[in-house]
Amino acid sequence: PQLAKEWKWVEPNVLELSIHSNARFSDGTPVTVEDVIATYNFFVKEEKDPSPRKGFMNAVEKIEKVDSETVRFSLKEADVSFVANLVVGILPAQLATSKRIESQSEYVGCGPFKLKSMDINNIVLERNNQFFIQENVPQLEHVQIKIVQDESTRFAKLLNEEVHLVQNTVSRDKLPSVESKHQDKL
């Protein structure tokens with residue numbers, strides 16, 4: 001959403017998005033309309049091993065360049081939820097169209113954080129000082145994402161303050177334990 005300078009429905013089934021001209025990927029290269037189109041076309045054209053996000057692009061008839069800052073999405077029919085579903089990370093066109101990313105150094109994005117390292121248990125993101133909206137450059141220097149498969153272990157880490165946020169939840173019946181331990185912080 002931050003990449004879009006503005007968006008408007010020019011017809012009930014045609015959306016035009018203008019991107020910020022000063023947007024940069026974490027390696028300093030400019031984000032272009034071609035990058036945006038290639039990223040969304042990945043979801044439209046993906047057939048083998050489809051992404052779980054592919055379904056939101058089923059309504060798309062065509063994605064095209066209007067000018068150097070504007071992309072047009074033509075839908076088969078009007079879809080009021082379409083804008084909300086556009087929240088995906090934009091990749092450089094050569095990555096969005098490639099079959100495989102060979103190394104971590106190829107992971108380039110245009111968000112407020114960039115990939116520092118990744119293994120089976122952790123992902124470490126560091127502040128992207130190239131982020132084009134300077135007032136939104138994060139104050140945090142890095143964020144560590146711990147991949148914890150087991151629900152009981154996730155719960156124990158949350159309870160012991162080893163993690164600050166849990167995605168993919170813990171069972172609802174365990175929440176009172178967290179609330180009572182941290183009542184003074186609520």
# chains A, B, ... in the order shown; residues from 1 in each chain; ligands from 1

call {"tool": "select_by_dssp", "arguments": {"residues": "range 39-160 of chain A", "states": "strand (DSSP E)", "output": "VMD selection string"}}
result
chain A and resid 60 to 67 70 to 75 113 to 118 122 to 127 142 to 146

call {"tool": "residues_around", "arguments": {"residues": "range 155-167 of chain A", "least_positions_apart": "5", "cutoff": "8 Å", "atoms": "only C-alpha atoms", "output": "JSON list (two decimals) with C-alpha atoms, in the first residue's frame"}}
result
[["chain", "number", "residue", "atom", "x", "y", "z"],
["A", 174, "LYS", "CA", -4.17, -21.04, 27.00],
["A", 177, "SER", "CA", -2.43, -17.92, 31.45],
["A", 178, "VAL", "CA", -0.72, -15.25, 29.37],
["A", 181, "LYS", "CA", 1.02, -13.47, 34.03]]

call {"tool": "select_by_dssp", "arguments": {"residues": "range 32-147 of chain A", "states": "alpha helix (DSSP H)", "output": "list in words"}}
result
Val33, Glu34, Asp35, Val36, Ile37, Ala38, Thr39, Tyr40, Asn41, Phe42, Phe43, Val44, Lys45, Ala93, Gln94, Leu95 and Ala96 of chain A

call {"tool": "closest_residue", "arguments": {"among": "A:Ala78, A:Val71, A:Asn58, A:Glu64", "to": "Pro12 in chain A", "atoms": "only C-alpha atoms"}}
result
A:Ala78

call {"tool": "residues_around", "arguments": {"residues": "Glu151 in chain A", "least_positions_apart": "2", "cutoff": "8 Å", "atoms": "only C-alpha atoms", "output": "NGL selection string"}}
result
:A and (148-149 or 153-155 or 169-171)

call {"tool": "write_last_selection", "arguments": {"atoms": "all heavy atoms", "output": "CSV table (one decimal), in the first residue's frame"}}
result
chain,number,residue,atom,x,y,z
A,148,VAL,N,8.8,-21.4,14.9
A,148,VAL,CA,8.5,-22.4,16.0
A,148,VAL,C,7.3,-23.2,15.6
A,148,VAL,O,6.2,-22.7,15.6
A,148,VAL,CB,8.3,-21.7,17.3
A,148,VAL,CG1,8.1,-22.8,18.4
A,148,VAL,CG2,9.4,-20.8,17.7
A,149,GLN,N,7.5,-24.5,15.2
A,149,GLN,CA,6.5,-25.3,14.6
A,149,GLN,C,5.5,-25.8,15.7
A,149,GLN,O,4.3,-25.9,15.5
A,149,GLN,CB,7.1,-26.6,14.0
A,149,GLN,CG,8.0,-26.3,12.8
A,149,GLN,CD,7.3,-25.7,11.6
A,149,GLN,OE1,6.1,-26.0,11.4
A,149,GLN,NE2,7.9,-24.9,10.8
A,153,THR,N,5.5,-25.1,22.4
A,153,THR,CA,6.8,-24.4,22.5
A,153,THR,C,6.5,-22.9,22.2
A,153,THR,O,7.1,-22.0,22.9
A,153,THR,CB,7.8,-24.9,21.5
A,153,THR,OG1,8.0,-26.3,21.7
A,153,THR,CG2,9.2,-24.2,21.6
A,154,ARG,N,5.7,-22.6,21.2
A,154,ARG,CA,5.3,-21.2,20.9
A,154,ARG,C,4.7,-20.6,22.2
A,154,ARG,O,5.0,-19.4,22.6
A,154,ARG,CB,4.3,-21.1,19.8
A,154,ARG,CG,4.9,-21.1,18.4
A,154,ARG,CD,3.9,-20.7,17.3
A,154,ARG,NE,2.6,-21.3,17.3
A,154,ARG,CZ,2.4,-22.4,16.6
A,154,ARG,NH1,3.3,-23.0,15.9
A,154,ARG,NH2,1.2,-23.0,16.7
A,155,PHE,N,3.8,-21.3,22.8
A,155,PHE,CA,3.1,-20.8,24.0
A,155,PHE,C,4.1,-20.6,25.1
A,155,PHE,O,4.1,-19.5,25.8
A,155,PHE,CB,2.0,-21.8,24.5
A,155,PHE,CG,1.4,-21.4,25.8
A,155,PHE,CD1,0.6,-20.3,25.8
A,155,PHE,CD2,1.7,-22.1,26.9
A,155,PHE,CE1,0.0,-19.9,27.0
A,155,PHE,CE2,1.1,-21.8,28.1
A,155,PHE,CZ,0.2,-20.7,28.2
A,169,THR,N,-1.1,-18.6,16.1
A,169,THR,CA,-1.7,-18.7,17.4
A,169,THR,C,-1.3,-19.8,18.3
A,169,THR,O,-0.5,-20.7,18.0
A,169,THR,CB,-3.2,-18.8,17.2
A,169,THR,OG1,-3.6,-20.1,16.8
A,169,THR,CG2,-3.8,-17.8,16.3
A,170,VAL,N,-1.8,-19.7,19.5
A,170,VAL,CA,-1.8,-20.7,20.5
A,170,VAL,C,-3.3,-20.9,20.8
A,170,VAL,O,-4.1,-20.1,20.5
A,170,VAL,CB,-1.1,-20.3,21.8
A,170,VAL,CG1,0.4,-20.1,21.5
A,170,VAL,CG2,-1.6,-19.0,22.4
A,171,SER,N,-3.6,-22.1,21.4
A,171,SER,CA,-5.0,-22.4,21.6
A,171,SER,C,-5.7,-21.4,22.5
A,171,SER,O,-5.1,-20.9,23.5
A,171,SER,CB,-5.1,-23.8,22.3
A,171,SER,OG,-4.6,-24.8,21.5

call {"tool": "closest_residue", "arguments": {"among": "A:Ala96, A:Ser68, A:Glu179, A:Pro30", "to": "Val44 in chain A", "atoms": "only C-alpha atoms"}}
result
A:Ala96

call {"tool": "atom_distance", "arguments": {"atom1": "CA of Tyr40 in chain A", "atom2": "CA of Val88 in chain A"}}
result
8.5 Å

call {"tool": "closest_residue", "arguments": {"among": "A:Leu125, A:Leu17, A:Val60, A:Ile120", "to": "Pro138 in chain A", "atoms": "only C-alpha atoms"}}
result
A:Leu125

call {"tool": "residues_around", "arguments": {"residues": "Thr39 in chain A", "least_positions_apart": "3", "cutoff": "6 Å", "atoms": "only C-alpha atoms", "output": "JSON, numbers by chain"}}
result
{"A": [36, 42, 90, 91, 96]}

call {"tool": "residues_around", "arguments": {"residues": "range 19-29 of chain A", "least_positions_apart": "4", "cutoff": "8 Å", "atoms": "only C-alpha atoms", "output": "list in words"}}
result
Leu3, Ala4, Lys5, Glu6, Val33, Glu69, Thr70, Pro92, Val108, Gly109, Cys110, Gly111, Lys114, Asn128, Asn129, Gln130, Phe131, Phe132 and Ile133 of chain A

call {"tool": "closest_residue", "arguments": {"among": "A:Tyr107, A:Leu95, A:Asn13, A:Ala38", "to": "Ser81 in chain A", "atoms": "only C-alpha atoms"}}
result
A:Asn13

call {"tool": "residues_around", "arguments": {"residues": "Val66 in chain A", "least_positions_apart": "6", "cutoff": "12 Å", "atoms": "only C-alpha atoms", "output": "ChimeraX atom specification"}}
result
/A:15-19,33-34,37,72-74

call {"tool": "write_last_selection", "arguments": {"atoms": "all heavy atoms", "output": "short mmCIF file (atom, residue, chain, number, x, y, z; two decimals), in the first residue's frame"}}
result
data_model
loop_
_atom_site.label_atom_id
_atom_site.label_comp_id
_atom_site.auth_asym_id
_atom_site.auth_seq_id
_atom_site.Cartn_x
_atom_site.Cartn_y
_atom_site.Cartn_z
N LEU A 15 -9.09 -0.56 -12.32
CA LEU A 15 -8.38 0.15 -11.26
C LEU A 15 -7.05 0.64 -11.80
O LEU A 15 -6.31 -0.12 -12.43
CB LEU A 15 -8.13 -0.80 -10.08
CG LEU A 15 -7.27 -0.25 -8.93
CD1 LEU A 15 -8.02 0.85 -8.19
CD2 LEU A 15 -6.87 -1.38 -7.99
N GLU A 16 -6.74 1.91 -11.54
CA GLU A 16 -5.43 2.44 -11.89
C GLU A 16 -4.68 2.84 -10.62
O GLU A 16 -5.24 3.52 -9.75
CB GLU A 16 -5.56 3.65 -12.82
CG GLU A 16 -5.97 3.26 -14.21
CD GLU A 16 -5.95 4.39 -15.22
OE1 GLU A 16 -5.64 5.54 -14.84
OE2 GLU A 16 -6.24 4.12 -16.40
N LEU A 17 -3.43 2.38 -10.53
CA LEU A 17 -2.55 2.69 -9.41
C LEU A 17 -1.36 3.48 -9.92
O LEU A 17 -0.74 3.09 -10.90
CB LEU A 17 -2.00 1.41 -8.77
CG LEU A 17 -2.95 0.49 -8.06
CD1 LEU A 17 -2.22 -0.78 -7.64
CD2 LEU A 17 -3.53 1.16 -6.85
N SER A 18 -1.05 4.59 -9.26
CA SER A 18 0.17 5.33 -9.55
C SER A 18 1.16 5.04 -8.44
O SER A 18 0.81 5.10 -7.26
CB SER A 18 -0.11 6.83 -9.61
OG SER A 18 -0.99 7.11 -10.67
N ILE A 19 2.41 4.73 -8.81
CA ILE A 19 3.42 4.43 -7.81
C ILE A 19 4.31 5.65 -7.57
O ILE A 19 4.45 6.51 -8.43
CB ILE A 19 4.27 3.20 -8.19
CG1 ILE A 19 5.09 3.45 -9.46
CG2 ILE A 19 3.40 1.97 -8.35
CD1 ILE A 19 6.11 2.36 -9.75
N VAL A 33 7.09 0.41 -12.87
CA VAL A 33 5.78 -0.15 -13.22
C VAL A 33 5.96 -1.58 -13.72
O VAL A 33 5.16 -2.47 -13.42
CB VAL A 33 5.07 0.74 -14.26
CG1 VAL A 33 3.91 0.03 -14.91
CG2 VAL A 33 4.62 2.04 -13.62
N GLU A 34 7.06 -1.83 -14.44
CA GLU A 34 7.32 -3.18 -14.96
C GLU A 34 7.51 -4.18 -13.81
O GLU A 34 7.08 -5.33 -13.91
CB GLU A 34 8.56 -3.18 -15.88
CG GLU A 34 8.33 -2.50 -17.22
CD GLU A 34 8.40 -0.96 -17.17
OE1 GLU A 34 8.81 -0.39 -16.13
OE2 GLU A 34 8.05 -0.33 -18.17
N ILE A 37 3.98 -4.92 -12.44
CA ILE A 37 3.25 -5.80 -13.37
C ILE A 37 3.79 -7.22 -13.30
O ILE A 37 3.02 -8.18 -13.21
CB ILE A 37 3.32 -5.23 -14.81
CG1 ILE A 37 2.51 -3.93 -14.89
CG2 ILE A 37 2.81 -6.26 -15.82
CD1 ILE A 37 2.68 -3.17 -16.19
N ARG A 72 -2.58 -0.34 -14.75
CA ARG A 72 -4.03 -0.53 -14.86
C ARG A 72 -4.35 -2.01 -14.70
O ARG A 72 -3.79 -2.86 -15.38
CB ARG A 72 -4.54 -0.06 -16.22
CG ARG A 72 -6.04 -0.27 -16.40
CD ARG A 72 -6.55 0.20 -17.75
NE ARG A 72 -6.36 1.63 -17.86
CZ ARG A 72 -5.88 2.25 -18.94
NH1 ARG A 72 -5.56 1.56 -20.02
NH2 ARG A 72 -5.74 3.55 -18.96
N PHE A 73 -5.28 -2.29 -13.79
CA PHE A 73 -5.81 -3.63 -13.59
C PHE A 73 -7.21 -3.66 -14.17
O PHE A 73 -8.09 -2.95 -13.69
CB PHE A 73 -5.90 -3.98 -12.10
CG PHE A 73 -4.57 -4.13 -11.41
CD1 PHE A 73 -3.93 -3.03 -10.88
CD2 PHE A 73 -3.98 -5.38 -11.30
CE1 PHE A 73 -2.71 -3.16 -10.24
CE2 PHE A 73 -2.77 -5.53 -10.65
CZ PHE A 73 -2.12 -4.42 -10.13
N SER A 74 -7.43 -4.47 -15.20
CA SER A 74 -8.77 -4.67 -15.76
C SER A 74 -9.29 -5.99 -15.23
O SER A 74 -8.65 -7.03 -15.38
CB SER A 74 -8.72 -4.70 -17.29
OG SER A 74 -8.23 -3.46 -17.79
#
